[in-house]
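Single-structure report; data block below.
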Number of protein chains: 2
Amino acid sequence: MNTSKNFSTLLIVLCLIVSSCSRAQERGGLILTKEGIERIQTNLGTIPLFDDSLRSVQEEVDAEIARGIDTPIPRDLSGGYTHERHKQNWFMLQKAGVLFQILQDEKYANYIRDMFFQYEAMYQGLPLHPQTRSYARGKIFWQCLNDANWLVYASQAYDAIYDWLSEEDRNTLENNLFRPFADHISIESPQFFNRIHNHSTWGAAAVGMIGLVMEDEELIQRALYGIEDDGLESGVTDDDGGFIRVAGQEAGFFANLNEPFSPDGYYTEGPYYQRYAMYPFLVFAQALHNARPDLGVLEYKNGVLLNAVDVLLNLTDANGDFFPLNDGQKGMSYHANELVTAVGIAYHQGDQDPRLLSIAQDQGRVLLDDTGFAIAAGIRDGLAQNFDKDSVNYSDGAEGNEGGLALLRYGDEELTLLFKYTAQGLSHGHYDKLSFSLYGQGDEILQDYGMSRFVNIGQKGGGNYLPENASWAKQTIAHNTVVQNEASHFGGVYEVGSQYHSDFRFFDASDENLQVVSASESNAYPGTVMQRTMAVIKDEEFENPYLLDLFRTTSETDNQYDLPFYYHGQILQANFDFETSDALEALGGGNGYQHLYLEAEGIVAAKNAKFSWMDNRKFYTLTTVADEEDKILLARIGANDPEFNLRKDPVIIVRRPEARNTLFASVLESHGSYNPVTELALNSNSNIAELSVLRDDANYTAVSIESLRGDTRLFIVSNQDVRTSTTHRLEIQGQEYSWSGPFHYASL
Amino acid sequence: MNTSKNFSTLLIVLCLIVSSCSRAQERGGLILTKEGIERIQTNLGTIPLFDDSLRSVQEEVDAEIARGIDTPIPRDLSGGYTHERHKQNWFMLQKAGVLFQILQDEKYANYIRDMFFQYEAMYQGLPLHPQTRSYARGKIFWQCLNDANWLVYASQAYDAIYDWLSEEDRNTLENNLFRPFADHISIESPQFFNRIHNHSTWGAAAVGMIGLVMEDEELIQRALYGIEDDGLESGVTDDDGGFIRVAGQEAGFFANLNEPFSPDGYYTEGPYYQRYAMYPFLVFAQALHNARPDLGVLEYKNGVLLNAVDVLLNLTDANGDFFPLNDGQKGMSYHANELVTAVGIAYHQGDQDPRLLSIAQDQGRVLLDDTGFAIAAGIRDGLAQNFDKDSVNYSDGAEGNEGGLALLRYGDEELTLLFKYTAQGLSHGHYDKLSFSLYGQGDEILQDYGMSRFVNIGQKGGGNYLPENASWAKQTIAHNTVVQNEASHFGGVYEVGSQYHSDFRFFDASDENLQVVSASESNAYPGTVMQRTMAVIKDEEFENPYLLDLFRTTSETDNQYDLPFYYHGQILQANFDFETSDALEALGGGNGYQHLYLEAEGIVAAKNAKFSWMDNRKFYTLTTVADEEDKILLARIGANDPEFNLRKDPVIIVRRPEARNTLFASVLESHGSYNPVTELALNSNSNIAELSVLRDDANYTAVSIESLRGDTRLFIVSNQDVRTSTTHRLEIQGQEYSWSGPFHYASL
């Protein structure tokens with residue numbers, strides 16, 4: 001423990017003594033405050049969304065009470081009965097708790113007490129869960145993580161009936177259930193508890209919240225700052241290959257706030273896991289805010305917890321689905337329970353941002369507490385405003401200097417580019433430096449595969465990560481970025497990838513019609529520097545905004561470079577001849593290539609390769625500047641997939657067999673539409689006559705885009721100086737262009 | 001010409017003389033009647049849906065008038081500019097016509113006259129269209145069909161301004177444009193005009209409608225009864241392989257009403273082409289109804305034209321999309337313009353069925369004529385009722401004795417089975433005897449491939465039928481029915497298939513929880529009789545209704561039988577071991593097999609093969625009784641597809657390598673759901689413990705379905721006597737069962 005930590009611990013202990021004394025006289029309530037309960041009771045029946053949510057929770061809990069309590073002996077993995085039953089129990093405990101607090105109907109308190117005593121009877125002497133798959137086994141569940149989930153919810157239920165219970169009952173439950181439960185997931189499982197990881201956030205919240213209810217200082221300290229001497233070795237990894245202990249790293253709630261969140265509020269694992277971690281972060285923070293306002297958790301690190309809610313909402317497509325960065329399951333969205341909590345707390349504890357009310361309206365329910373009350377009242381009073389999502393650049397890393405993530409949005413998400421130049425993203429990170437995905441109004445145009453896992457679907461490997469997550473989904477070739485010599489970034493080695501991050505070059509979204517981001521990567525392939533500049537451009541010559549993609553590599557050696565684009569839908573046309581194979585074979589032997597079938601191979605005779613497809617009744621064309629030696633590979637996911645775990649999605653790969661310093665210059669147009677009812681195909685052809693590289697060297701890259709009508713645009717990006725203040729002068733085709741800042745767009 | 005035709009022609013000519021005289025005094029209006037116009041004018045501004053439709057048409061036509069008239073020299077195939085421009089022109093002509101009639105604003109009349117005179121100037125001396133692909137080339141378009149489309153619309157515009165034009169202008173247009181135009185698509189193109197085909201219906205309507213406006217008896221007679229001596233040889237086929245002339249067959253509008261419609265109103269080409277043909281059928285019928293009420297076209301053949309509208313609406317899924325039988329493009333729906341016309345005429349001229357109003361509400365627009373006025377007024381007056389689609393059995397064939405089509409629907413289209421045992425369906429028919437498709441609330445569960453064509457998408461073979469339509473989409477293996485020895489039904493020969501049809505056995509949908517249909521096919525494979533019985537059963541033991549499929553073959557020889565099921569989505573689990581291939585090769589050498597990649601092959605060790613998948617967040621399991629020798633093939637469409645014209649959809653094929661008389665007994669369950677937001681997988685497993693064949697012989701087939709809970713149901717179908725009055729007695733496992741009618745369902 002270093003000095004500053006010693007000092008802050010001392011301060012906190014002092015504070016605790018004071019507040020603990022005052023608390024002994026009047027319990028403040030863990031989540032629902034005394035004043036909040038009174039306000040809710042007074043206003044029942046007058047706030048539609050709150051009343052609806054209350055009714056729906058009451059119906060749900062009443063039905064469960066009628067069904068009777070079941071706390072089966074633990075046996076199953078997720079998806080199995082005992083797992084799902086205990087999971088359902090934790091939700092019912094928490095919900096019955098708020099119902100008791102609001103309605104004061106003792107049937108809810110009895111239900112909670114009875115269930116707790118069934119757990120108490122079972123927990124004593126309960127061995128580790130019989131399933132041995134986890135690096136940190138729980139007792140009720142196969143992994144400590146789920147035991148921690150249980151305790152986070154159960155502590156809220158315990159708080160709700162604390163005063164109602166006899167002291168004897170409290171002592172029994174605390175001695176036989178809650179304290180040993182908290183110990184098991186912390187001091188008996190340091191490999192789970194004492195990390196920087198979403199797992200540990202759950203652990204800290206669980207231990208801290210039960211500590212707050214039990215007024216147990218030792219547990220609270222453990223939750224906030226971790227276990228001092230955990231005996232863990234550095235460099236050991238968990239089931240997913242994530243590091244358990246990194247030398248010099250702290251642990252506990254504050255450390256988990258410090259490390260994975262960037263100052264902008266981006267969580268390094270990505271939005272899917274940020275969503276998962278937000279619940280324990282925020283519900284514990286809410287409890288600390290109520291019980292220990294002096295800690296200032298909501299203001300901590302410039303209010304990073306509340307900012308992170310805004311980031312999370314911004315990291316969704318037009319449907320509210322999270323972008324499936326790293327290990328993210330597609331379809332998870334801001335309709336998830338965790339986001340109902342997050343939006344409520346951000347609204348109530350933040351500055352009552354009226355845009356959050358429209359998200360809550362869309363969610364259609366609120367929490368039955370002070371935050372939900374505030375949201376529901378705001379909506380009733382007509383304060384809701386639309387949540388317009390912005391083009392934005394988020395830094396990654398605790399200090400905000402480990403690369404980042406850029407979103408270029410045009411219109412009302414008519415076109416949305418997500419460009420990823422982050423750090424590794426802990427154990428759930430993918431080897432996808434400088435990759436991107438592209439969306440049109442919530443539809444994937446160019447997809448990120450996401451993860452290979454079917455969460456909670458028992459038939460698919462017990463609902464856990466499938467082997468293809470490592471062999472395919474994490475590999476570089478599974479992403480829309482350059483692969484050198486058929487090897488993944490950092491050799492696909494987590495220990496290496498974790499040491500590096502890509503570098504921010506510039507970001508400018510000040511003009512909606514010309515939004516540009518640029519980043520570079522120097523470590524993914526030692527000896528090779530990759531730089532990617534992506535622009536979303538709306539030009540009057542084009543029906544829709546288009547994407548310009550300039551991917552530069554400079555290397556000390558000759559390499560093969562592959563640049564894949566994972567489109568969806570039906571191929572319409574190509575301007576190159578391709579040969580299809582009689583028998584489909586895998587494209588390569590490893591690094592994800594073993595999972596691609598080569599369907600066709602083409603040689604480009606023209607200056608540009610053009611490739612059109614139709615998806616979801618819209619047309620798309622990829623135009624890319626071709627070298628003479630380039631090959632175009634049409635491939636499909638699904639080779640070497642004995643259990644059919646992968647989706648059979650298509651890809652077009654631009655392969656440059658031997659190059660050192662080279663540029664992939666491409667434009668992706670979306671154009672027109674097809675209506676199967678009128679059978680009208682509108683604007684079904686590309687509007688680009690020719691895409692040309694006019695210059696590409698250490699100082700500048702310049703390309704021209706000529707439309708069918710013959711109008712030509714010039715795009716120049718500086719490969720050195722990215723300051724906005726710098727003035728550049730450059731002669732292109734005999735004409736001098738001058739501009740300020742790292743890029744320039746003009747008529748040629 | 002036979003005697004009865006001679007007599008009816010004489011009658012009609014007499015009638016025409018009478019009505020023609022009265023008409024000379026007062027023109028009645030081709031589509032919009034004088035009274036209708038007055039009623040519309042009086043009520044403008046009081047009927048929301050009519051006013052909206054009027055405003056929208058006015059905006060559209062005004063914009064086109066502002067853009068100026070263009071009648072380019074014909075050059076392109078469909079999808080190309082000149083094609084699409086002339087197509088747009090025909091719509092504008094017709095719309096401008098109704099606007100002039102309703103609003104009396106001369107700018108619309110001027111627009112029509114000016115455009116007509118541009119056509120008139122061009123048409124004189126215009127050669128055949130330069131594209132030579134069609135069996136019957138037009139002049140404005142590459143095929144006569146589209147010229148006929150033009151004239152059907154143009155005649156309405158001509159009628160609208162007829163009285164407004166000078167006699168001199170009328171004479172010029174009629175002599176130089178309309179008459180030669182009508183002649184070209186009829187007497188100069190008998191191979192197009194004088195057939196039983198949707199093409200000829202367009203031809204008849206075009207010639208007949210311009211004849212009505214011009215009061216030209218010769219054209220009207222030609223339209224109604226065809227060309228007497230067309231000089232066509234029997235047995236000649238068109239581009240699609242359809243017969244142009246069948247010996248003894250009549251032609252013209254009435255013949256096209258007689259032949260392809262069954263007495264129930266099912267159109268033998270299927271709903272996609274029925275929709276296409278309905279517009280000329282109905283609009284010409286409407287014109288005849290106005291001008292020649294004595295012909296009684298709407299009452300003809302028990303009112304088949306109006307009944308056919310009801311059939312067409314019933315042949316849609318929960319989204320209103322037509323089932324893609326035969327050559328049907330997916331996505332075509334009752335939102336099509338043809339159906340706006342059809343629903344309007346069926347409502348106005350029929351018995352004002354209030355269910356049609358809800359369809360019109362969904363369509364969101366009405367025609368600007370008497371029928372649209374009636375619809376819009378009905379909706380305004382709150383008369384609309386829901387269009388509940390029924391389980392229904394439609395006969396095929398002019399006399400209703402050439403097989404048919406059955407729809408078994410459960411709930412509000414929760415499960416919809418479409419079972420096809422029709423005749424060939426003219427040139428657009430597929431070789432898919434006893435095939436089926438299955439839908440769940442508008443989603444395909446087991447699909448019919450539809451056609452291989454991208455209508456009007458020029459990049460795909462000019463928007464015409466692709467080679468894979470014949471080599472794949474029409475072949476038997478592309479459908480959910482049995483293939484014997486890897487050959488298609490009737491050897492895939494149209495001339496043979498056209499001679500036969502499947503046979504109806506029985507249909508019973510009187511009990512929603514137990515709906516059964518059965519049919520047989522004796523000619524698809526000479527020497528083999530196939531019989532299929534399909535039941536949609538809702539049993540309390542099962543969450544959802546399930547499909548029971550009993551496919552029997554009896555043959556004089558040993559054969560290999562393949563039964564494919566074209567599912568969608570991701571494989572979750574199989575109870576059999578399968579081996580995936582390192583390299584994917586085509587499953588066979590022809591008859592569609594060349595287009596399937598074999599992905600995996602399995603041997604079934606258990607009594608049942610079970611196969612589960614997830615699609616669209618729902619779970620499905622196929623359970624089929626396996627023979628020892630059976631192989632399960634997992635395959636995917638897409639082999640030998642050099643232009644990537646095919647969708648890469650998956651299929652599971654049950655292969656029985658050597659059998660003579662055999663039974664494929666299968667159950668398809670839909671069960672549970674997956675929610676990617678809550679990540680809950682509900683009821684993700686099959687509920688069937690075992691499916692068993694208890695008896696299968698010439699008299700009866702009996703199967704038992706045992707649920708996981710151990711309850712067992714028995715289903716028996718009679719293989720001989722299908723009368724409902726017959727009483728059967730049968731001993732199964734020592735117990736006697738007795739029942740009346742062709743099938744029985746009971747607890748075992």
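Going through the structure tokens in order, the chains are called A, B, and so on, while each chain numbers its residues from 1 and the ligands are numbered from 1 in the order shown.
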Got a sec: who's within 10 Å of Tyr276 (chain A), counting only C-alpha atoms, leaving out chain neighbours fewer than 6 positions off, as a PDB file with C-alpha atoms, in the first residue's frame?
ATOM      1  CA  ASN A 198     -15.716  -6.403 -14.801  1.00  0.00           C
ATOM      2  CA  HIS A 199     -15.808  -9.559 -12.672  1.00  0.00           C
ATOM      3  CA  THR A 201     -16.425  -4.804 -10.084  1.00  0.00           C
ATOM      4  CA  TRP A 202     -19.260  -7.175  -9.375  1.00  0.00           C
ATOM      5  CA  ALA A 336     -31.239  -3.959 -21.005  1.00  0.00           C
ATOM      6  CA  ASN A 337     -32.016  -3.726 -17.298  1.00  0.00           C
ATOM      7  CA  GLU A 338     -28.549  -2.386 -16.572  1.00  0.00           C
ATOM      8  CA  LEU A 339     -29.289   0.613 -18.755  1.00  0.00           C
TER       9      LEU A 339
END
Might you pull out every residue within 9 Å of Ser134 (chain B), with only C-alpha atoms counted and same-chain residues fewer than 6 positions away left off, and present them as a ChimeraX atom specification?
/B:142-144,238-239
Determine, for each residue of chain B having at least one atom at most 8 Å from an atom of chain A, the closest pair of atoms and their separation in Å to one decimal, counting only C-alpha atoms; order by chain and ascending number, as CSV.
residue,atom,partner,partner_atom,distance
B:Gly79,CA,A:Ala681,CA,7.0
B:Gln329,CA,A:Pro676,CA,7.7
B:Lys330,CA,A:Pro676,CA,7.3
B:Gly331,CA,A:Pro676,CA,5.2
B:Met332,CA,A:Val677,CA,4.7
B:Ser333,CA,A:Val677,CA,6.1
B:His335,CA,A:Val677,CA,6.8
B:Ala336,CA,A:Val677,CA,5.4
B:Asn337,CA,A:Thr678,CA,7.6
B:Val455,CA,A:Glu679,CA,6.4
B:Asn456,CA,A:Ala681,CA,6.3
B:Ile457,CA,A:Ala681,CA,5.9
B:Gln459,CA,A:Leu572,CA,6.0
B:Lys460,CA,A:Leu572,CA,6.3
B:Gln570,CA,A:Arg647,CA,7.2
B:Ile571,CA,A:Phe644,CA,6.2
B:Leu572,CA,A:Gln459,CA,6.0
B:Gln573,CA,A:Gln459,CA,6.2
B:Glu579,CA,A:Pro642,CA,7.3
B:Thr580,CA,A:Pro642,CA,5.8
B:Asp582,CA,A:Glu585,CA,6.8
B:Ala583,CA,A:Glu585,CA,4.7
B:Leu584,CA,A:Leu584,CA,4.7
B:Glu585,CA,A:Ala583,CA,4.7
B:Ala586,CA,A:Ala583,CA,7.4
B:Ala639,CA,A:Asp582,CA,7.5
B:Asn640,CA,A:Asp582,CA,7.0
B:Asp641,CA,A:Thr580,CA,7.9
B:Pro642,CA,A:Thr580,CA,5.8
B:Phe644,CA,A:Ile571,CA,6.2
B:Asn645,CA,A:Ile571,CA,7.5
B:Arg647,CA,A:Gln570,CA,7.1
B:Pro676,CA,A:Gly331,CA,5.2
B:Val677,CA,A:Met332,CA,4.7
B:Thr678,CA,A:Ala336,CA,6.4
B:Glu679,CA,A:Val455,CA,6.4
B:Leu680,CA,A:Asn456,CA,6.6
B:Ala681,CA,A:Ile457,CA,5.9
B:Ser684,CA,A:Ile457,CA,7.6
Kindly indicate which residue among B:Ile375, B:Ile477, B:Leu325, B:Ile537 lies nearest to Pro48 (chain B), using only C-alpha atoms for the distances.
B:Ile375
Just the strand (DSSP E or B) stuff from region 453-682 of chain A, please, per backbone DSSP, written as a PyMOL selection string.
chain A and resi 453+465+483-484+487+501+503-511+514-521+528-537+546-555+559-565+567+570-574+577-586+596-603+608-615+618-625+631-637+650-659+662-671+673-675+680-682
Per DSSP on the backbone, what are the helix (DSSP H, G or I) residues of region 384-477 of chain B, as a ChimeraX atom specification?
/B:426-428,461-463,467-473,476-477
Output C-alpha atoms for every residue in that selection, as a tab-separated table (two decimals), in the first residue's frame.
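Dumped to again-v3.tsv:
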chain	number	residue	atom	x	y	z
B	426	LEU	CA	-48.17	-23.24	-66.95
B	427	SER	CA	-44.68	-22.09	-67.88
B	428	HIS	CA	-44.01	-20.56	-64.45
B	461	GLY	CA	-29.20	-10.62	-66.50
B	462	GLY	CA	-31.15	-7.52	-67.44
B	463	GLY	CA	-33.65	-8.28	-64.69
B	467	PRO	CA	-30.13	-19.57	-65.89
B	468	GLU	CA	-30.36	-20.84	-62.31
B	469	ASN	CA	-34.11	-20.48	-62.42
B	470	ALA	CA	-34.26	-23.51	-64.67
B	471	SER	CA	-31.23	-25.34	-63.33
B	472	TRP	CA	-32.09	-24.76	-59.67
B	473	ALA	CA	-35.29	-23.00	-58.65
B	476	THR	CA	-37.55	-30.75	-57.30
B	477	ILE	CA	-34.56	-30.79	-54.93
Kindly give the distance, in Å, that separates CA of Leu446 (chain B) and CA of Phe542 (chain B), rounded to a single decimal.
19.6 Å
Excluding same-chain residues fewer than 3 positions from Asn314 (chain B), what lies within 10 Å of it counting only C-alpha atoms, as an MDAnalysis selection string?
chainID B and resid 271 308:311 317:318 320 322:323 387:392 407
If you keep N, CA and C atoms, can you produce a file of those selected residues as a PDB file, in the first residue's frame?
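Generated file (again.pdb):
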ATOM      1  N   PRO B 271     -49.885 -16.999 -57.013  1.00  0.00           N
ATOM      2  CA  PRO B 271     -50.304 -15.640 -56.632  1.00  0.00           C
ATOM      3  C   PRO B 271     -49.450 -14.515 -57.218  1.00  0.00           C
ATOM      4  N   ALA B 308     -61.556 -14.335 -56.948  1.00  0.00           N
ATOM      5  CA  ALA B 308     -60.108 -14.457 -57.082  1.00  0.00           C
ATOM      6  C   ALA B 308     -59.382 -13.405 -56.243  1.00  0.00           C
ATOM      7  N   VAL B 309     -60.025 -12.258 -56.021  1.00  0.00           N
ATOM      8  CA  VAL B 309     -59.409 -11.237 -55.172  1.00  0.00           C
ATOM      9  C   VAL B 309     -59.314 -11.757 -53.741  1.00  0.00           C
ATOM     10  N   ASP B 310     -60.358 -12.414 -53.291  1.00  0.00           N
ATOM     11  CA  ASP B 310     -60.355 -12.996 -51.959  1.00  0.00           C
ATOM     12  C   ASP B 310     -59.275 -14.070 -51.837  1.00  0.00           C
ATOM     13  N   VAL B 311     -59.151 -14.892 -52.857  1.00  0.00           N
ATOM     14  CA  VAL B 311     -58.118 -15.934 -52.862  1.00  0.00           C
ATOM     15  C   VAL B 311     -56.729 -15.295 -52.760  1.00  0.00           C
ATOM     16  N   ASP B 317     -48.860 -14.076 -46.399  1.00  0.00           N
ATOM     17  CA  ASP B 317     -48.453 -14.378 -45.028  1.00  0.00           C
ATOM     18  C   ASP B 317     -48.894 -13.234 -44.101  1.00  0.00           C
ATOM     19  N   ALA B 318     -48.445 -13.288 -42.859  1.00  0.00           N
ATOM     20  CA  ALA B 318     -48.913 -12.313 -41.874  1.00  0.00           C
ATOM     21  C   ALA B 318     -48.497 -10.881 -42.224  1.00  0.00           C
ATOM     22  N   GLY B 320     -48.635  -9.768 -45.289  1.00  0.00           N
ATOM     23  CA  GLY B 320     -49.304  -9.408 -46.533  1.00  0.00           C
ATOM     24  C   GLY B 320     -48.486  -9.766 -47.763  1.00  0.00           C
ATOM     25  N   PHE B 322     -47.150 -12.244 -50.646  1.00  0.00           N
ATOM     26  CA  PHE B 322     -47.625 -13.456 -51.316  1.00  0.00           C
ATOM     27  C   PHE B 322     -46.680 -14.617 -51.071  1.00  0.00           C
ATOM     28  N   PHE B 323     -47.248 -15.797 -50.885  1.00  0.00           N
ATOM     29  CA  PHE B 323     -46.412 -16.992 -50.824  1.00  0.00           C
ATOM     30  C   PHE B 323     -45.734 -17.158 -52.186  1.00  0.00           C
ATOM     31  N   PHE B 387     -59.350  -8.440 -41.593  1.00  0.00           N
ATOM     32  CA  PHE B 387     -59.347  -9.514 -42.584  1.00  0.00           C
ATOM     33  C   PHE B 387     -58.675 -10.740 -41.963  1.00  0.00           C
ATOM     34  N   ASP B 388     -59.451 -11.561 -41.267  1.00  0.00           N
ATOM     35  CA  ASP B 388     -58.895 -12.777 -40.668  1.00  0.00           C
ATOM     36  C   ASP B 388     -58.720 -13.812 -41.758  1.00  0.00           C
ATOM     37  N   LYS B 389     -57.474 -14.275 -41.912  1.00  0.00           N
ATOM     38  CA  LYS B 389     -57.238 -15.247 -42.974  1.00  0.00           C
ATOM     39  C   LYS B 389     -57.522 -16.657 -42.467  1.00  0.00           C
ATOM     40  N   ASP B 390     -58.147 -17.431 -43.306  1.00  0.00           N
ATOM     41  CA  ASP B 390     -58.633 -18.739 -42.887  1.00  0.00           C
ATOM     42  C   ASP B 390     -57.713 -19.864 -43.322  1.00  0.00           C
ATOM     43  N   SER B 391     -57.915 -20.999 -42.676  1.00  0.00           N
ATOM     44  CA  SER B 391     -57.450 -22.259 -43.238  1.00  0.00           C
ATOM     45  C   SER B 391     -58.391 -22.576 -44.389  1.00  0.00           C
ATOM     46  N   VAL B 392     -57.828 -22.972 -45.500  1.00  0.00           N
ATOM     47  CA  VAL B 392     -58.679 -23.121 -46.665  1.00  0.00           C
ATOM     48  C   VAL B 392     -58.016 -24.052 -47.667  1.00  0.00           C
ATOM     49  N   LEU B 407     -54.084 -24.401 -47.204  1.00  0.00           N
ATOM     50  CA  LEU B 407     -53.489 -23.553 -46.174  1.00  0.00           C
ATOM     51  C   LEU B 407     -54.036 -23.984 -44.832  1.00  0.00           C
TER      52      LEU B 407
END
Skip Ser488 (chain B) itself and residues of its chain fewer than 6 positions away, then list as a count of residues only all residues within 9 Å of it, counting only C-alpha atoms.
9
Just the residues within 7 Å of Ala154 (chain A), please, counting only C-alpha atoms, with nothing from its chain fewer than 3 positions along; format it as a ChimeraX atom specification.
/A:90,93-94,150-151,157-158
